[in-house]
Every structure is written in C-alpha cells, then in structure tokens.
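Participant: A single structure is presented below for examination.
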Amino acid sequence: MHKPVIKVALLGLGTIGGGVYKVLNKNSEIIKQRINSKIEVAKVLEKNISRCLELGVNKDLIANNIDEIVNDQEIDIVIELMGGIEPAREFVLKALNNGKSVVTANKDMIALHGKELYAAAEDNNVDLLFEASVGGGIPIIRPLKQCLAANHIQEVMGIVNGTTNYMLEKMSNEGLDFDVVLKEAQDKGYAEANPSSDIEGFDAARKVAILASIAFNTRITVNEVYVEGISRITAEDISYASELHYVVKLLGIAKETEEGIEVRVHPVFIPKQHPLASVGDVFNAIFVRGDAVGDTMFYGRGAGELPTASAVVADVMDAARRLNNNVQGLISCTCFEDKPVKPIGKIFSKYYIRLQVADRPGVLASIAFEFGKHEVSLASVLQKHTLGDSAEIVLITHKVQEQNLRDSLEKLQLLDTVHEVSNVIRVEDEEEII
C-alpha cells in the first residue's frame with residue numbers, strides 16, 4: 001500500500017545526524033518527487049536539547065526514550081546515528097523487532113553485530129541498510145550487493161580512512177614528522193583527541209571487515225582483520241619511499257585466494273604512477289576487481305557531515321520505496337559461505353626493510369646469508385647514512401612469504417652487527433594492487 005507520508009525517527013543528532021536532518025529538510029521536495037512520498041521526521045532521540053533547537057527541531061518531536069519511538073506505530077523507519085556499540089545495538093534491535101526498517105552509518109556495530117542484526121531484520125520482514133558505514137558518501141555497499149552481484153569478486157582494497165590519508169600526504173609533501181602532522185590533523189578536526197582508532201588502523205579494519213563479508217559471501221569479523229597503523233611511519237620512511245619511486249598509503253586489503261580470505265590493514269609502498277597514489281587529503285578510494293566487470297574504482301569524500309548524510313538519506317529513500325512496494329525484508333544477509341581467513345604469515349608480498357647496522361666489512365654478507373637461509377631473496381640493497389660506527393641500510397625484497405621474512409628478522413636481531421630493525425613495510429607493485 002502506497003503511503004503519501006512516511007514517518008522516520010532520528011537516533012542521534014550529532015554531526016551526521018544533523019547533516020541528515022538538514023538534507024531531509026533542504027531536499028524534501030526532490031526526495032518526494034523521486035520516491036512519490038514525503039519523508040517526515042516524526043521523532044528525534046537526542047539528549048542535547050540545545051542541539052535540537054539549534055537545528056530547528058520542534059520541541060514536540062524530541063523523544064525522552066527509545067520506547068516512544070519503537071512503540072509508535074506511525075513510524076516506519078528508524079535512522080540510527082548515535083555511533084558506538086551500546087546502546088545503539090540495543091535500540092536497533094528493538095526497532096527491528098518492532099517491525100521498523102533501520103538505516104545506520106554505524107560501522108562499529110555492523111562490523112561486530114551484523115549477523116545478529118540481519119537475523120532480526122529477516123525475522124521481522126524489514127530492512128537493515130548501512131551504505132554510510134563504509135566510505136561516507138561513496139556508494140560501495142549497494143554496488144557490491146546489487147550492481148556487481150553477477151561477479152565473482154576477487155579483490156577489494158583501497159584507502160578507507162581519510163585522517164591517515166591526510167597525515168601521510170602531509171608527511172610526504174612537506175617532510176614533516178608524524179607527531180607534528182598528528183597535531184595539525186587534530187587542530188583541523190580531522191583526528192580525535194584520542195586518535196588511536198584512526199592512526200592504529202582500527203577504523204579501517206572495521207570497514208574492511210564489512211566489505212570483505214559482502215564481497216566474499218562469508219562472515220568476516222573485525223577481530224579477524226590483521227591490523228597495523230601508521231604510528232611507526234617516520235619522515236625517513238617517507239623520504240626513502242619517494243627516492244624509490246613509491247608513495248606510502250594506509251590500505252585496507254581483502255583478497256580471495258585458494259588458501260582462504262586475506263583481510264588486512266597496514267601501510268603499503270605503492271608506485272607513484274598508481275591511481276591510489278594521487279588520492280589526497282581526506283578523500284577515500286576503493287578498488288573492486290570482479291571476474292566479469294574487471295577493475296572498478298569508487299572515489300570521493302569518505303567522511304563528513306553532508307557526504308555521509310547523502311548516503312544515509314539515499315538508504316532512507318530506498319527503504320521508503322521498498323515499504324511502498326511491499327518488498328521489505330528481501331535484502332537478506334549474503335554471508336552464506338564459511339571461507340577460512342588466511343593467517344598473515346601465509347601471505348606473499350615484497351617488503352621494505354630499514355636497518356641500523358655496524359659499519360664494518362662483512363655485515364651485508366652476513367645479513368644476506370641470514371635472509372637466504374629463510375628463502376628471502378633481496379631485490380636491492382642501499383647503504384644510506386653513516387653515523388659513527390653505525391650505518392643505515394634499506395632493503396627491498398622480492399616477493400616472499402611473510403612468515404619466512406619474520407623468521408629471518410627474528411634471527412637478524414640476534415646478530416651483534418644489527419643494532420635495530422627500524423621498520424618493515426609491505427611493498428605492492430602496480431600489477432599486484434589491481
């Protein structure tokens with residue numbers, strides 16, 4: 001049955017919630033024309049009353065608790081924009097179990113509890129939509145689920161955290177140290193006061209878990225994602241990358257192999273000519289490789305009030321159309337397989353290694369010998385700065401199994417001629433990235 005007015009409730013009126021409220025009001029007429037129904041905000045759950053009034057929300061629309069919303073039979077769609085796990089998960093479950101479709105941008109909740117929430121949506125014949133949980137305003141969830149559904153997806157990878165991308169670009173362009181760039185990112189509002197979720201890769205890991213689950217039809221939890229952040233990247237590493245014709249980026253990588261799914265987040269040396277190398281500022285870019293479509297790239301603002309609101313409101317419109325056409329609940333969970341996750345030690349990659357060693361004859365030979373014992377082949381060796389009796393050496397390996405590299409580095413650190421393994425960063429050649 002067609003509804004001329006579809007009522008929605010907003011949970012959370014922070015940055016994204018405020019953006020959604022603005023878009024729903026500003027573009028109300030075009031939204032109505034496109035879905036043949038008016039979207040009306042009937043309730044708002046937000047503790048900060050002054051924030052509600054600042055956005056022009058009528059006092060009568062402010063709910064005191066979640067029950068006012070989930071028990072309101074006139075509300076069809078609940079938009080969860082509170083963030084965090086609890087009470088967001090509890091509220092979303094209540095909404096789904098009360099027959100309301102849910103739209104959310106909550107990557108943390110979806111990455112950890114997606115299976116439980118999908119089951120509730122299916123049991124109650126309603127929709128759970130979360131386009132904005134990955135990539136902000138970039139369409140990626142719907143393309144994976146629908147537009148590319150005929151493909152066997154082979155790889156999904158890219159830049160999915162704008163904060164770290166901004167920081168690495170600043171370090172590359174201006175030769176600045178990590179701590180200086182982090183403070184600047186915090187001053188500009190790109191990084192939180194506690195930036196660990198971004199700089200240690202956890203934010204990207206949640207997004208990659210969601211993308212991998214959809215792409216490979218198997219449930220990948222965030223705890224299965226191998227994660228390294230950018231806090232160990234130095235100005236020296238950035239400089240060497242440039243000298244070797246690479247750029248450093250924090251990438252989320254998901255690949256299907258015969259041994260299982262690779263799902264990881266870590267810094268990567270990529271060639272300067274690769275399309276990802278030119279993705280700057282807080283922008284995101286996600287590559288998808290399918291067996292039929294080949295290579296596709298999705299690029300845009302991965303965060304922010306209005307870009308994210310764009311994706312949220314699009315999901316609301318989709319849920320409204322489905323309600324009007326009585327086809328709710330048909331977007332089911334696509335995790336119908338149970339593929340294993342490949343341990344990080346089993347992956348193959350090239351590696352950049354920066355060492356501090358004794359500056360005397362025979363040291364390079366002993367290092368090469370130790371690598372050789374563990375089947376690690378060196379593509380290039382550069383001796384860089386010398387300070388006193390210590391020298392800095394930069395190595396690039398051929399493609400090797402990671403566990404072999406780890407074993408060799410463990411033995412190297414026992415040599416009295418090796419003072420420090422300063423950093424190890426994976427290297428991806430253009431043909432290996434997509």
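Every chain in the structure tokens takes a letter, A first, then B, and so on in the order presented; its residues are numbered from 1, and the ligands are numbered from 1 following the presented order.
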Name the residues in contact with Asn173 in chain A at a cut-off of 12 Å, using only C-alpha atoms, excluding same-chain residues fewer than 2 positions from it; report them as a ChimeraX atom specification.
Facilitator: /A:166-171,175-177,181,235,238-239,242,247-248,278,280-281
Participant: Hey, what does DSSP flag as strand (DSSP E or B) within range 94-332 of chain A? Can you give it to me as a compact mmCIF listing (two decimals) with N, CA and C atoms, in the first residue's frame?
Facilitator:
# COMPACT_ATOMS: atom_id res chain seq x y z
N SER A 101 12.05 -0.74 9.71
CA SER A 101 13.31 -0.81 8.99
C SER A 101 14.31 0.14 9.64
N VAL A 102 15.58 -0.20 9.53
CA VAL A 102 16.63 0.60 10.15
C VAL A 102 17.68 0.99 9.12
N VAL A 103 18.06 2.27 9.15
CA VAL A 103 19.18 2.79 8.37
C VAL A 103 20.24 3.25 9.37
N THR A 104 21.48 2.85 9.16
CA THR A 104 22.53 3.22 10.08
C THR A 104 23.83 3.55 9.34
N LEU A 128 17.50 -3.68 6.80
CA LEU A 128 18.64 -3.11 7.51
C LEU A 128 19.61 -2.60 6.45
N LEU A 129 19.78 -1.28 6.37
CA LEU A 129 20.60 -0.66 5.34
C LEU A 129 21.73 0.14 5.99
N ILE A 153 33.74 -11.73 -7.00
CA ILE A 153 34.65 -10.66 -6.57
C ILE A 153 35.98 -11.29 -6.13
N GLN A 154 37.06 -10.77 -6.66
CA GLN A 154 38.39 -11.32 -6.38
C GLN A 154 39.17 -10.47 -5.37
N GLU A 155 39.02 -9.14 -5.48
CA GLU A 155 39.76 -8.24 -4.58
C GLU A 155 38.93 -7.00 -4.30
N VAL A 156 39.07 -6.52 -3.08
CA VAL A 156 38.56 -5.20 -2.69
C VAL A 156 39.66 -4.55 -1.88
N MET A 157 40.10 -3.38 -2.29
CA MET A 157 41.14 -2.71 -1.49
C MET A 157 41.16 -1.22 -1.78
N GLY A 158 41.71 -0.50 -0.82
CA GLY A 158 41.83 0.93 -1.06
C GLY A 158 42.05 1.73 0.20
N ILE A 159 41.89 3.02 0.06
CA ILE A 159 42.07 3.98 1.16
C ILE A 159 40.70 4.23 1.76
N THR A 218 31.00 -14.34 3.06
CA THR A 218 31.35 -15.08 4.27
C THR A 218 31.53 -14.09 5.41
N TYR A 226 43.85 -8.48 10.14
CA TYR A 226 45.20 -8.14 10.60
C TYR A 226 45.37 -6.62 10.49
N VAL A 227 45.87 -5.99 11.55
CA VAL A 227 45.90 -4.53 11.58
C VAL A 227 47.27 -4.01 12.00
N TYR A 246 58.05 5.37 -4.81
CA TYR A 246 56.82 4.88 -4.20
C TYR A 246 56.17 6.00 -3.37
N VAL A 247 54.93 5.77 -2.97
CA VAL A 247 54.19 6.62 -2.04
C VAL A 247 53.67 5.71 -0.93
N VAL A 248 53.66 6.22 0.31
CA VAL A 248 53.15 5.42 1.43
C VAL A 248 51.67 5.73 1.65
N LYS A 249 50.86 4.68 1.69
CA LYS A 249 49.43 4.81 1.96
C LYS A 249 49.01 3.74 2.97
N LEU A 250 48.02 4.05 3.78
CA LEU A 250 47.41 3.02 4.63
C LEU A 250 46.29 2.39 3.81
N LEU A 251 46.42 1.11 3.51
CA LEU A 251 45.44 0.43 2.67
C LEU A 251 44.67 -0.63 3.45
N GLY A 252 43.40 -0.75 3.13
CA GLY A 252 42.63 -1.92 3.53
C GLY A 252 42.64 -2.87 2.35
N ILE A 253 42.98 -4.12 2.60
CA ILE A 253 43.14 -5.09 1.52
C ILE A 253 42.35 -6.35 1.84
N ALA A 254 41.54 -6.79 0.90
CA ALA A 254 40.80 -8.04 1.04
C ALA A 254 40.90 -8.80 -0.27
N LYS A 255 41.41 -10.03 -0.22
CA LYS A 255 41.58 -10.84 -1.43
C LYS A 255 41.09 -12.25 -1.16
N GLU A 256 40.53 -12.87 -2.19
CA GLU A 256 40.19 -14.29 -2.07
C GLU A 256 41.27 -15.11 -2.75
N THR A 257 41.84 -16.06 -2.02
CA THR A 257 42.87 -16.95 -2.55
C THR A 257 42.43 -18.40 -2.34
N GLY A 260 42.30 -19.25 1.32
CA GLY A 260 41.37 -18.52 2.20
C GLY A 260 41.36 -17.04 1.87
N ILE A 261 40.66 -16.28 2.71
CA ILE A 261 40.50 -14.85 2.52
C ILE A 261 41.63 -14.10 3.21
N GLU A 262 42.31 -13.24 2.45
CA GLU A 262 43.27 -12.30 3.06
C GLU A 262 42.49 -11.05 3.42
N VAL A 263 42.60 -10.62 4.66
CA VAL A 263 41.90 -9.40 5.07
C VAL A 263 42.80 -8.67 6.05
N ARG A 264 43.29 -7.50 5.62
CA ARG A 264 44.34 -6.83 6.38
C ARG A 264 44.31 -5.32 6.14
N VAL A 265 44.85 -4.60 7.12
CA VAL A 265 45.03 -3.14 7.06
C VAL A 265 46.44 -2.84 7.50
N HIS A 266 47.18 -2.12 6.67
CA HIS A 266 48.55 -1.78 7.04
C HIS A 266 49.12 -0.76 6.05
N PRO A 267 50.23 -0.09 6.41
CA PRO A 267 50.88 0.82 5.46
C PRO A 267 51.46 0.02 4.30
N VAL A 268 51.48 0.65 3.14
CA VAL A 268 51.98 0.00 1.93
C VAL A 268 52.77 1.01 1.11
N PHE A 269 53.89 0.55 0.51
CA PHE A 269 54.56 1.30 -0.53
C PHE A 269 53.85 0.98 -1.85
N ILE A 270 53.28 1.99 -2.52
CA ILE A 270 52.69 1.76 -3.83
C ILE A 270 53.39 2.67 -4.84
N PRO A 271 53.46 2.24 -6.11
CA PRO A 271 54.16 3.05 -7.12
C PRO A 271 53.51 4.42 -7.29
N PHE A 283 40.21 12.29 1.22
CA PHE A 283 39.43 11.50 0.28
C PHE A 283 39.70 10.01 0.45
N ASN A 284 38.71 9.22 0.06
CA ASN A 284 38.81 7.76 0.05
C ASN A 284 38.76 7.27 -1.39
N ALA A 285 39.31 6.10 -1.63
CA ALA A 285 39.20 5.44 -2.93
C ALA A 285 39.20 3.95 -2.71
N ILE A 286 38.23 3.25 -3.32
CA ILE A 286 38.10 1.82 -3.13
C ILE A 286 38.07 1.14 -4.49
N PHE A 287 38.98 0.18 -4.69
CA PHE A 287 39.02 -0.62 -5.89
C PHE A 287 38.28 -1.93 -5.67
N VAL A 288 37.56 -2.36 -6.68
CA VAL A 288 36.92 -3.67 -6.66
C VAL A 288 37.27 -4.37 -7.97
N ARG A 289 37.72 -5.61 -7.88
CA ARG A 289 38.00 -6.40 -9.07
C ARG A 289 37.04 -7.58 -9.12
N GLY A 290 36.27 -7.66 -10.20
CA GLY A 290 35.36 -8.78 -10.42
C GLY A 290 35.76 -9.53 -11.66
N GLY A 294 35.84 -6.68 -14.37
CA GLY A 294 37.22 -6.22 -14.36
C GLY A 294 37.46 -5.29 -13.18
N ASP A 295 38.18 -4.20 -13.41
CA ASP A 295 38.54 -3.28 -12.34
C ASP A 295 37.59 -2.08 -12.30
N THR A 296 37.11 -1.76 -11.12
CA THR A 296 36.29 -0.56 -10.92
C THR A 296 36.86 0.21 -9.73
N MET A 297 36.61 1.52 -9.72
CA MET A 297 37.12 2.35 -8.64
C MET A 297 36.02 3.30 -8.17
N PHE A 298 35.88 3.40 -6.86
CA PHE A 298 34.90 4.29 -6.25
C PHE A 298 35.67 5.33 -5.44
N TYR A 299 35.43 6.61 -5.74
CA TYR A 299 36.27 7.68 -5.20
C TYR A 299 35.39 8.82 -4.69
N GLY A 300 35.77 9.40 -3.57
CA GLY A 300 35.04 10.57 -3.06
C GLY A 300 35.36 10.85 -1.61
N ARG A 301 34.57 11.71 -1.01
CA ARG A 301 34.78 12.05 0.40
C ARG A 301 34.29 10.91 1.28
Participant: Which distance in Å separates CA of Ala358 in chain A and CA of Arg232 in chain A, to one decimal?
Facilitator: 22.6 Å
Participant: In Å to one decimal, how far is CA of Gln328 in chain A from CA of Asp127 in chain A?
Facilitator: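 For CA of Asp127 in chain A relative to CA of Gln328 in chain A, the distance reads 5.8 Å.
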Participant: Per DSSP on the backbone, what are the alpha helix (DSSP H) residues of range 184-295 of chain A, as an mmCIF file with C-alpha atoms, in the first residue's frame?
Facilitator:
data_model
loop_
_atom_site.group_PDB
_atom_site.id
_atom_site.type_symbol
_atom_site.label_atom_id
_atom_site.label_comp_id
_atom_site.auth_asym_id
_atom_site.auth_seq_id
_atom_site.Cartn_x
_atom_site.Cartn_y
_atom_site.Cartn_z
ATOM 1 C CA GLU A 184 47.806 19.523 12.832
ATOM 2 C CA ALA A 185 45.168 16.916 11.973
ATOM 3 C CA GLN A 186 43.725 17.256 15.477
ATOM 4 C CA ASP A 187 43.713 21.047 15.256
ATOM 5 C CA SER A 196 44.111 5.642 18.111
ATOM 6 C CA SER A 197 41.104 4.356 16.145
ATOM 7 C CA ASP A 198 42.359 6.147 13.043
ATOM 8 C CA ILE A 199 46.147 6.043 13.328
ATOM 9 C CA PHE A 202 41.098 0.063 13.752
ATOM 10 C CA ASP A 203 38.624 2.326 11.919
ATOM 11 C CA ALA A 204 39.814 0.985 8.575
ATOM 12 C CA ALA A 205 39.716 -2.594 9.889
ATOM 13 C CA ARG A 206 36.008 -2.330 10.723
ATOM 14 C CA LYS A 207 35.253 -1.057 7.227
ATOM 15 C CA VAL A 208 37.332 -3.771 5.565
ATOM 16 C CA ALA A 209 35.561 -6.440 7.640
ATOM 17 C CA ILE A 210 32.218 -5.196 6.293
ATOM 18 C CA LEU A 211 33.444 -5.003 2.690
ATOM 19 C CA ALA A 212 35.075 -8.450 2.811
ATOM 20 C CA SER A 213 31.951 -10.035 4.302
ATOM 21 C CA ILE A 214 29.833 -8.740 1.428
ATOM 22 C CA ALA A 215 32.399 -9.313 -1.338
ATOM 23 C CA ALA A 235 59.838 11.049 7.785
ATOM 24 C CA GLU A 236 62.810 8.817 6.846
ATOM 25 C CA ASP A 237 60.486 6.069 5.569
ATOM 26 C CA ILE A 238 58.517 8.608 3.562
ATOM 27 C CA SER A 239 61.742 10.008 2.074
ATOM 28 C CA TYR A 240 63.051 6.561 1.106
ATOM 29 C CA ALA A 241 59.702 5.684 -0.452
ATOM 30 C CA SER A 242 59.931 8.766 -2.657
ATOM 31 C CA GLU A 243 63.537 8.005 -3.602
#
Participant: Would you mind telling me which residue in A:Leu61, A:Leu10, A:Ile66, A:Leu355 lies nearest to His419 in chain A when using only C-alpha atoms?
Facilitator: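 Selected residue with least distance to His419 in chain A: A:Leu355.
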Participant: Leaving out Ser366 in chain A and any residue of its chain fewer than 6 positions from it, which residues lie within 10 Å of it when counting only C-alpha atoms, given as a PyMOL selection string?
Facilitator: chain A and resi 372+412+415+417-418
Participant: How about saving the chosen residues, C-alpha atoms kept, as a PDB file, in the first residue's frame?
Facilitator:
ATOM      1  CA  GLY A 372      68.915 -16.634   2.285  1.00  0.00           C
ATOM      2  CA  LEU A 412      68.862 -10.929  12.392  1.00  0.00           C
ATOM      3  CA  LEU A 415      73.315 -10.640  15.459  1.00  0.00           C
ATOM      4  CA  THR A 417      76.133  -6.383  13.968  1.00  0.00           C
ATOM      5  CA  VAL A 418      72.410  -5.499  13.681  1.00  0.00           C
TER       6      VAL A 418
END
